[in-house]
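The structure file upload_25.csv is reproduced below (CSV, C-alpha atoms and all ligand atoms).
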chain,number,residue,atom,x,y,z
A,1,MET,CA,-7.9,-26.2,11.2
A,2,ARG,CA,-5.2,-23.6,10.4
A,3,LYS,CA,-6.0,-21.5,7.3
A,4,PRO,CA,-2.8,-21.5,5.3
A,5,ILE,CA,-1.3,-18.1,4.3
A,6,ILE,CA,0.7,-17.3,1.2
A,7,ALA,CA,2.3,-13.8,1.3
A,8,GLY,CA,4.1,-12.1,-1.5
A,9,ASN,CA,7.1,-10.0,-0.3
A,10,TRP,CA,7.8,-7.6,-3.1
A,11,LYS,CA,10.8,-6.1,-1.2
A,12,MET,CA,12.2,-2.9,-2.9
A,13,ASN,CA,10.6,-3.6,-6.2
A,14,LYS,CA,7.7,-2.1,-8.3
A,15,THR,CA,6.8,1.6,-8.8
A,16,VAL,CA,3.2,2.6,-8.0
A,17,GLU,CA,2.1,1.9,-11.7
A,18,GLU,CA,3.8,-1.5,-11.7
A,19,SER,CA,2.3,-2.4,-8.3
A,20,ILE,CA,-1.2,-1.5,-9.6
A,21,ALA,CA,-0.7,-3.7,-12.7
A,22,LEU,CA,0.7,-6.6,-10.7
A,23,SER,CA,-2.0,-6.5,-8.1
A,24,ASN,CA,-4.7,-6.2,-10.7
A,25,GLY,CA,-3.4,-9.3,-12.5
A,26,ILE,CA,-3.3,-11.2,-9.2
A,27,LYS,CA,-6.8,-10.1,-8.4
A,28,ARG,CA,-8.1,-11.2,-11.8
A,29,ASN,CA,-6.8,-14.7,-11.2
A,30,LEU,CA,-7.2,-15.2,-7.5
A,31,PHE,CA,-10.5,-13.5,-6.6
A,32,ASN,CA,-12.2,-16.8,-5.8
A,33,ILE,CA,-9.6,-18.4,-3.7
A,34,ASN,CA,-10.9,-18.8,-0.2
A,35,ASN,CA,-9.3,-21.8,1.4
A,36,LEU,CA,-6.1,-19.9,2.1
A,37,GLU,CA,-5.2,-16.3,2.8
A,38,VAL,CA,-3.4,-14.4,0.0
A,39,VAL,CA,-1.4,-11.4,1.2
A,40,LEU,CA,0.4,-8.8,-0.8
A,41,CYS,CA,3.3,-6.9,0.8
A,42,PRO,CA,4.2,-4.1,-1.7
A,43,PRO,CA,6.7,-1.4,-0.9
A,44,VAL,CA,5.3,1.3,1.4
A,45,THR,CA,4.9,3.7,-1.5
A,46,SER,CA,2.4,1.4,-3.2
A,47,LEU,CA,0.3,0.4,-0.2
A,48,SER,CA,-2.4,2.9,-0.7
A,49,ASP,CA,-2.9,2.1,-4.4
A,50,VAL,CA,-2.8,-1.7,-3.9
A,51,LYS,CA,-5.3,-1.3,-1.1
A,52,ASP,CA,-7.7,0.3,-3.7
A,53,VAL,CA,-7.1,-2.6,-6.1
A,54,VAL,CA,-7.8,-5.4,-3.6
A,55,LEU,CA,-10.7,-3.6,-1.9
A,56,ASP,CA,-13.7,-6.0,-1.7
A,57,THR,CA,-11.7,-9.1,-2.5
A,58,ASN,CA,-10.2,-11.8,-0.3
A,59,ILE,CA,-6.7,-10.5,-1.0
A,60,ILE,CA,-5.2,-8.9,2.1
A,61,LEU,CA,-2.6,-6.1,2.4
A,62,GLY,CA,0.6,-6.4,4.4
A,63,ALA,CA,3.7,-4.2,4.9
A,64,GLN,CA,7.3,-5.2,5.0
A,65,ASN,CA,8.6,-3.4,8.1
A,66,MET,CA,7.6,-0.9,10.7
A,67,HIS,CA,9.1,1.0,13.7
A,68,TRP,CA,8.1,0.1,17.2
A,69,GLU,CA,7.5,3.6,18.5
A,70,LYS,CA,4.1,5.1,18.1
A,71,GLU,CA,5.4,8.4,16.5
A,72,GLY,CA,8.2,10.9,16.8
A,73,ALA,CA,11.5,11.9,15.5
A,74,PHE,CA,12.4,8.8,13.5
A,75,THR,CA,13.2,10.1,10.1
A,76,GLY,CA,12.3,7.7,7.3
A,77,GLU,CA,10.3,5.3,9.5
A,78,VAL,CA,6.7,4.3,9.6
A,79,SER,CA,4.6,3.3,12.6
A,80,ALA,CA,2.2,0.5,13.1
A,81,LYS,CA,-0.7,2.9,13.3
A,82,MET,CA,0.2,4.4,9.9
A,83,LEU,CA,0.2,1.0,8.3
A,84,LYS,CA,-3.0,0.0,10.0
A,85,THR,CA,-4.8,3.2,8.7
A,86,LEU,CA,-3.4,2.5,5.2
A,87,GLY,CA,-5.4,-0.8,5.3
A,88,CYS,CA,-2.7,-3.3,6.3
A,89,LYS,CA,-3.6,-6.3,8.2
A,90,TYR,CA,-0.2,-8.0,8.3
A,91,VAL,CA,3.4,-6.7,8.8
A,92,ILE,CA,6.6,-8.7,8.1
A,93,ILE,CA,8.9,-8.3,11.0
A,94,GLY,CA,12.6,-9.4,11.4
A,95,HIS,CA,13.1,-10.4,7.8
A,96,SER,CA,16.7,-11.7,7.4
A,97,GLU,CA,17.4,-8.8,5.0
A,98,ARG,CA,16.5,-6.4,7.8
A,99,ARG,CA,18.6,-8.3,10.3
A,100,THR,CA,21.6,-8.5,7.9
A,101,TYR,CA,21.5,-5.0,6.3
A,102,PHE,CA,19.8,-2.8,8.8
A,103,GLY,CA,21.0,-4.2,12.1
A,104,GLU,CA,17.8,-5.7,13.4
A,105,THR,CA,18.2,-7.9,16.4
A,106,ASN,CA,15.9,-10.3,18.3
A,107,GLU,CA,15.4,-7.3,20.7
A,108,THR,CA,14.2,-4.9,18.1
A,109,VAL,CA,12.1,-7.7,16.5
A,110,ASN,CA,10.4,-8.2,19.9
A,111,LYS,CA,9.7,-4.5,20.3
A,112,LYS,CA,8.2,-4.4,16.8
A,113,VAL,CA,6.1,-7.5,17.4
A,114,LYS,CA,4.7,-6.1,20.6
A,115,SER,CA,4.0,-2.7,19.1
A,116,ALA,CA,2.3,-4.3,16.0
A,117,ILE,CA,0.0,-6.3,18.2
A,118,THR,CA,-0.9,-3.3,20.4
A,119,GLU,CA,-1.9,-1.4,17.2
A,120,GLY,CA,-4.0,-4.3,15.9
A,121,LEU,CA,-1.6,-5.5,13.2
A,122,PHE,CA,-0.8,-9.2,12.7
A,123,PRO,CA,3.0,-9.7,12.7
A,124,ILE,CA,4.6,-12.2,10.3
A,125,MET,CA,7.7,-12.8,12.4
A,126,CYS,CA,10.7,-14.2,10.4
A,127,VAL,CA,13.2,-16.7,11.9
A,128,GLY,CA,15.9,-18.8,10.4
A,129,GLU,CA,19.5,-19.9,10.4
A,130,LYS,CA,22.3,-18.8,8.1
A,131,LEU,CA,24.2,-21.4,6.0
A,132,GLU,CA,27.2,-21.6,8.3
A,133,GLU,CA,24.9,-22.1,11.3
A,134,ARG,CA,23.1,-25.0,9.5
A,135,GLU,CA,26.4,-26.5,8.5
A,136,SER,CA,27.8,-26.3,12.0
A,137,GLY,CA,24.6,-28.0,13.5
A,138,LYS,CA,23.3,-24.8,15.1
A,139,THR,CA,19.9,-24.6,13.2
A,140,PHE,CA,17.8,-25.5,16.2
A,141,ASP,CA,19.7,-23.2,18.6
A,142,VAL,CA,19.4,-20.2,16.3
A,143,VAL,CA,15.7,-20.8,15.5
A,144,SER,CA,14.9,-21.4,19.2
A,145,LEU,CA,16.7,-18.1,20.1
A,146,HIS,CA,14.8,-16.2,17.4
A,147,VAL,CA,11.5,-17.6,18.6
A,148,GLU,CA,12.1,-17.2,22.3
A,149,LYS,CA,13.5,-13.7,22.1
A,150,GLY,CA,11.2,-12.5,19.4
A,151,LEU,CA,8.2,-13.6,21.5
A,152,LEU,CA,9.5,-12.3,24.8
A,153,ASN,CA,6.5,-11.2,26.9
A,154,VAL,CA,4.1,-12.1,24.2
A,155,ASP,CA,1.2,-13.7,26.1
A,156,LYS,CA,-1.2,-16.5,25.3
A,157,LYS,CA,-3.8,-14.1,23.8
A,158,GLU,CA,-1.3,-12.1,21.8
A,159,ILE,CA,0.5,-15.1,20.2
A,160,LEU,CA,-2.7,-16.0,18.4
A,161,ASN,CA,-2.3,-12.9,16.3
A,162,ILE,CA,1.2,-13.9,15.1
A,163,VAL,CA,2.3,-15.9,12.0
A,164,ILE,CA,5.8,-17.3,12.1
A,165,ALA,CA,7.8,-17.5,8.9
A,166,TYR,CA,10.6,-20.0,8.9
A,167,GLU,CA,13.0,-18.7,6.4
A,168,PRO,CA,16.4,-20.3,6.3
A,169,VAL,CA,18.7,-17.5,5.2
A,170,TRP,CA,20.6,-19.7,2.8
A,171,ALA,CA,17.4,-20.3,0.8
A,172,ILE,CA,16.3,-16.7,0.5
A,173,GLY,CA,16.9,-15.3,-3.0
A,174,THR,CA,19.3,-18.1,-3.8
A,175,GLY,CA,17.1,-20.4,-5.9
A,176,LYS,CA,17.9,-23.1,-3.4
A,177,ASN,CA,14.9,-24.0,-1.3
A,178,ALA,CA,14.9,-26.2,1.7
A,179,THR,CA,13.5,-29.6,0.9
A,180,ALA,CA,10.0,-30.3,2.2
A,181,GLU,CA,11.6,-32.7,4.8
A,182,GLN,CA,14.2,-30.1,5.9
A,183,ALA,CA,11.5,-27.4,6.3
A,184,GLU,CA,9.0,-29.7,8.1
A,185,GLU,CA,11.7,-30.8,10.6
A,186,VAL,CA,12.2,-27.1,11.7
A,187,HIS,CA,8.4,-26.3,11.5
A,188,LYS,CA,7.7,-29.2,13.8
A,189,PHE,CA,10.5,-28.0,16.1
A,190,ILE,CA,9.0,-24.5,16.3
A,191,ARG,CA,5.5,-25.9,17.0
A,192,ASN,CA,7.0,-27.9,19.9
A,193,LEU,CA,8.7,-24.8,21.2
A,194,LEU,CA,5.4,-23.0,21.1
A,195,ALA,CA,3.7,-25.9,22.9
A,196,LYS,CA,6.2,-25.7,25.7
A,197,LYS,CA,6.0,-21.9,25.9
A,198,TYR,CA,2.2,-21.7,25.6
A,199,ASP,CA,0.3,-25.0,25.4
A,200,ARG,CA,-0.4,-27.6,22.8
A,201,GLU,CA,-3.8,-26.3,21.8
A,202,ILE,CA,-2.3,-22.8,21.1
A,203,SER,CA,0.7,-24.3,19.2
A,204,GLU,CA,-1.6,-26.2,17.0
A,205,SER,CA,-3.5,-23.1,16.0
A,206,ILE,CA,-0.5,-20.9,15.1
A,207,ARG,CA,0.5,-20.7,11.5
A,208,ILE,CA,4.1,-21.3,10.5
A,209,GLN,CA,4.8,-20.6,6.9
A,210,TYR,CA,8.0,-21.4,5.0
A,211,GLY,CA,10.0,-18.9,3.0
A,212,GLY,CA,13.1,-19.4,0.8
A,213,SER,CA,13.0,-19.6,-3.0
A,214,VAL,CA,9.5,-21.0,-3.1
A,215,LYS,CA,8.5,-21.5,-6.8
A,216,PRO,CA,5.6,-23.1,-8.5
A,217,ASP,CA,7.4,-26.4,-8.7
A,218,SER,CA,8.2,-26.6,-5.0
A,219,ILE,CA,5.1,-25.3,-3.3
A,220,GLU,CA,3.1,-28.5,-3.5
A,221,SER,CA,5.6,-30.7,-1.7
A,222,LEU,CA,6.1,-28.0,1.0
A,223,ILE,CA,2.5,-27.4,1.7
A,224,LYS,CA,1.6,-31.1,1.9
A,225,GLU,CA,3.7,-31.3,5.1
A,226,LYS,CA,1.7,-31.4,8.3
A,227,ASP,CA,3.3,-28.3,9.9
A,228,ILE,CA,3.8,-26.1,6.9
A,229,ASP,CA,1.0,-23.6,6.7
A,230,GLY,CA,1.8,-21.7,3.6
A,231,ALA,CA,4.7,-19.6,2.2
A,232,LEU,CA,6.4,-16.3,2.2
A,233,VAL,CA,7.4,-15.7,-1.3
A,234,GLY,CA,9.9,-13.2,-2.5
A,235,GLY,CA,11.2,-13.4,-6.1
A,236,ALA,CA,8.4,-15.5,-7.5
A,237,SER,CA,5.8,-13.0,-6.1
A,238,LEU,CA,7.0,-10.3,-8.5
A,239,LYS,CA,5.5,-12.0,-11.6
A,240,GLU,CA,1.8,-12.5,-11.9
A,241,GLU,CA,2.2,-15.9,-13.5
A,242,SER,CA,4.4,-17.5,-10.9
A,243,PHE,CA,2.6,-16.1,-7.9
A,244,VAL,CA,-0.8,-17.1,-9.2
A,245,ASP,CA,0.5,-20.5,-10.0
A,246,ILE,CA,1.9,-20.9,-6.5
A,247,VAL,CA,-1.4,-19.9,-4.9
A,248,LYS,CA,-3.5,-22.1,-7.2
A,249,LYS,CA,-1.3,-25.1,-6.6
A,250,ALA,CA,-1.3,-24.5,-2.9
A,251,SER,CA,-5.0,-24.1,-2.8
A,252,ARG,CA,-5.5,-27.5,-4.6
A,253,VAL,CA,-3.2,-29.3,-2.1
A,254,VAL,CA,-5.0,-27.6,0.9
A,255,LYS,CA,-8.4,-29.0,-0.3
A,256,GLU,CA,-7.0,-32.4,0.2
A,257,LYS,CA,-4.9,-31.8,3.2
A,301,LIG,C1,11.6,-13.6,1.2
A,301,LIG,O1,11.9,-12.5,0.8
A,301,LIG,O2,11.1,-13.7,2.2
A,301,LIG,C2,11.9,-14.7,0.3
A,301,LIG,C3,11.7,-15.9,0.8
A,301,LIG,O3,12.5,-14.5,-0.9
A,301,LIG,P1,12.7,-15.6,-2.1
A,301,LIG,O4,11.4,-16.3,-2.3
A,301,LIG,O5,13.1,-14.7,-3.3
A,301,LIG,O6,13.8,-16.5,-1.6
Have the structure of the file written as structure tokens, please.
Ligand code: PEP
Amino acid sequence: MRKPIIAGNWKMNKTVEESIALSNGIKRNLFNINNLEVVLCPPVTSLSDVKDVVLDTNIILGAQNMHWEKEGAFTGEVSAKMLKTLGCKYVIIGHSERRTYFGETNETVNKKVKSAITEGLFPIMCVGEKLEERESGKTFDVVSLHVEKGLLNVDKKEILNIVIAYEPVWAIGTGKNATAEQAEEVHKFIRNLLAKKYDREISESIRIQYGGSVKPDSIESLIKEKDIDGALVGGASLKEESFVDIVKKASRVVKEK
């Protein structure tokens, strides 16, 4: 059975002090959750301190981005190895904000995915259509391109280290989440793509999480769906109460799933 994963993407929010306070609050409430993975992705400046807070708990550390090169003259960038040695297990790759504001493409996403795996990190690879693409009936084409190109030359062994986050761009930070049915339709489509590219057994073991305005009142219906294996949470992960609520509600549903 796939272990669901709920990750909080704090984006460019929280100073070190604020990150310590938030992660401590989350730890106090979620230390005994073990039927799903809880991942915190603070800004890079807070990784080291949050690592200390979650040490010896089930809470896992993740980063929000990385460069694909191992090292070198890339001012302002961080490598997979740097993140790994800071205690990260996961790294978000190809978030729509990176694609929109920082020129990331399916090609750079693919390079990052490959590099992350080589260094022993688990990529959370984001895919998803924009509003105009959904409205013009291109959702499946866009998602399929994101998946195919992002996973170019990723073999059967490597794919097992990847989490895919389906994040419809129109739902990110807008307060408008996809309905459980809309999300499940795309998750199922992605799982079928993976079955064609790899095989059915592999596709059944890969986690596909949903992201886009997930809140305490939407998590249950989403995670009840067969192919939705958790959530990537932005805005609602910045407050202890809402993130804890999301994880606890998800955990209850997972027990019965
Ligand atoms: C995200 O940042 O991946 C995200 C889904 O943000 P939000 O939950 O705020 O829509």
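Between CA of Lys51 (chain A) and CA of Leu86 (chain A) there is a distance of 7.6 Å.
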Exercise. Neighbours of ligand LIG 301 (chain A) within 10 Å, counting all atoms listed in the file, as an NGL selection string?
Worked result: :A and (7-11 or 64 or 92 or 95-97 or 126 or 165-177 or 210-215 or 231-238)
Distance query 12 Å from (14.9, 1.9, -5.6) using all atoms listed in the file, result as an mmCIF file with C-alpha atoms, keeping the file's coordinate frame:
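Once written, selection-v7.cif looks like this:
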data_model
loop_
_atom_site.group_PDB
_atom_site.id
_atom_site.type_symbol
_atom_site.label_atom_id
_atom_site.label_comp_id
_atom_site.auth_asym_id
_atom_site.auth_seq_id
_atom_site.Cartn_x
_atom_site.Cartn_y
_atom_site.Cartn_z
ATOM 1 C CA LYS A 11 10.800 -6.100 -1.200
ATOM 2 C CA MET A 12 12.200 -2.900 -2.900
ATOM 3 C CA ASN A 13 10.600 -3.600 -6.200
ATOM 4 C CA LYS A 14 7.700 -2.100 -8.300
ATOM 5 C CA THR A 15 6.800 1.600 -8.800
ATOM 6 C CA VAL A 16 3.200 2.600 -8.000
ATOM 7 C CA PRO A 43 6.700 -1.400 -0.900
ATOM 8 C CA VAL A 44 5.300 1.300 1.400
ATOM 9 C CA THR A 45 4.900 3.700 -1.500
#
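Proximity of A:Thr118, A:Asn24, A:Asn29, A:Ser218 to Glu69 (chain A), computed with only C-alpha atoms, is greatest for A:Thr118.
Nearest residue to Lys89 (chain A) among A:Ile162, A:Val143, A:Ile228, A:Val244 is A:Ile162, counting all atoms listed in the file.
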For this session: Please provide as number ranges by chain all residues within 10 Å of Arg191 (chain A), with the sequence filter that same-chain residues fewer than 3 positions apart are discarded (counting only C-alpha atoms).
Result: A: 164, 186-188, 194-197, 199-200, 202-208, 227
For this session: Rank A:Glu185, A:Asp56, A:Glu240, A:Glu225 by their smallest atom-to-atom distance to Gly25 (chain A), using all atoms listed in the file, and report the top residue only.
Result: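 When distances to Gly25 (chain A) are compared using all atoms listed in the file, the smallest one comes from A:Glu240.
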Problem set entry | Contacts of Ala116 (chain A) at 8 Å (all atoms listed in the file; same-chain gap of 4+ positions) as a PyMOL selection string | chain A and resi 68+80+91+112+120-123
Exercise. Which polymer residues have any atom within 10 Å of an atom of region 149-157 of chain A, counting all atoms listed in the file, with same-chain residues fewer than 2 positions away left out, as an MDAnalysis selection string?
Worked result: chainID A and resid 93:94 105:114 117 125:127 143:147 159:162 194 197:199 202
Exercise. In Å, how far is it from CA of Phe140 (chain A) to CA of Met1 (chain A)?
Worked result: 26.2 Å
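With all atoms listed in the file as the basis for measurement, A:Ile5 is the residue among A:Ile5, A:Phe189, A:Glu220, A:Phe31 that approaches Ile124 (chain A) most closely.
Ranking A:Ser48, A:Asn35, A:Thr139, A:Asn192 by their shortest atom-to-atom distance to Arg2 (chain A), with only C-alpha atoms included, puts A:Asn35 first.
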Exercise. Between CA of Ile20 (chain A) and CA of Ile223 (chain A), what is the distance, to one decimal in Å?
Worked result: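 So the two atoms, CA of Ile20 (chain A) and CA of Ile223 (chain A), lie 28.5 Å apart.
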Exercise. Using all atoms listed in the file, which residues sit within 10 Å of Lys248 (chain A) once same-chain residues fewer than 2 positions away are excluded, as JSON, numbers by chain?
Worked result: {"A": [29, 30, 33, 36, 216, 219, 220, 242, 243, 244, 245, 246, 250, 251, 252, 253, 254]}
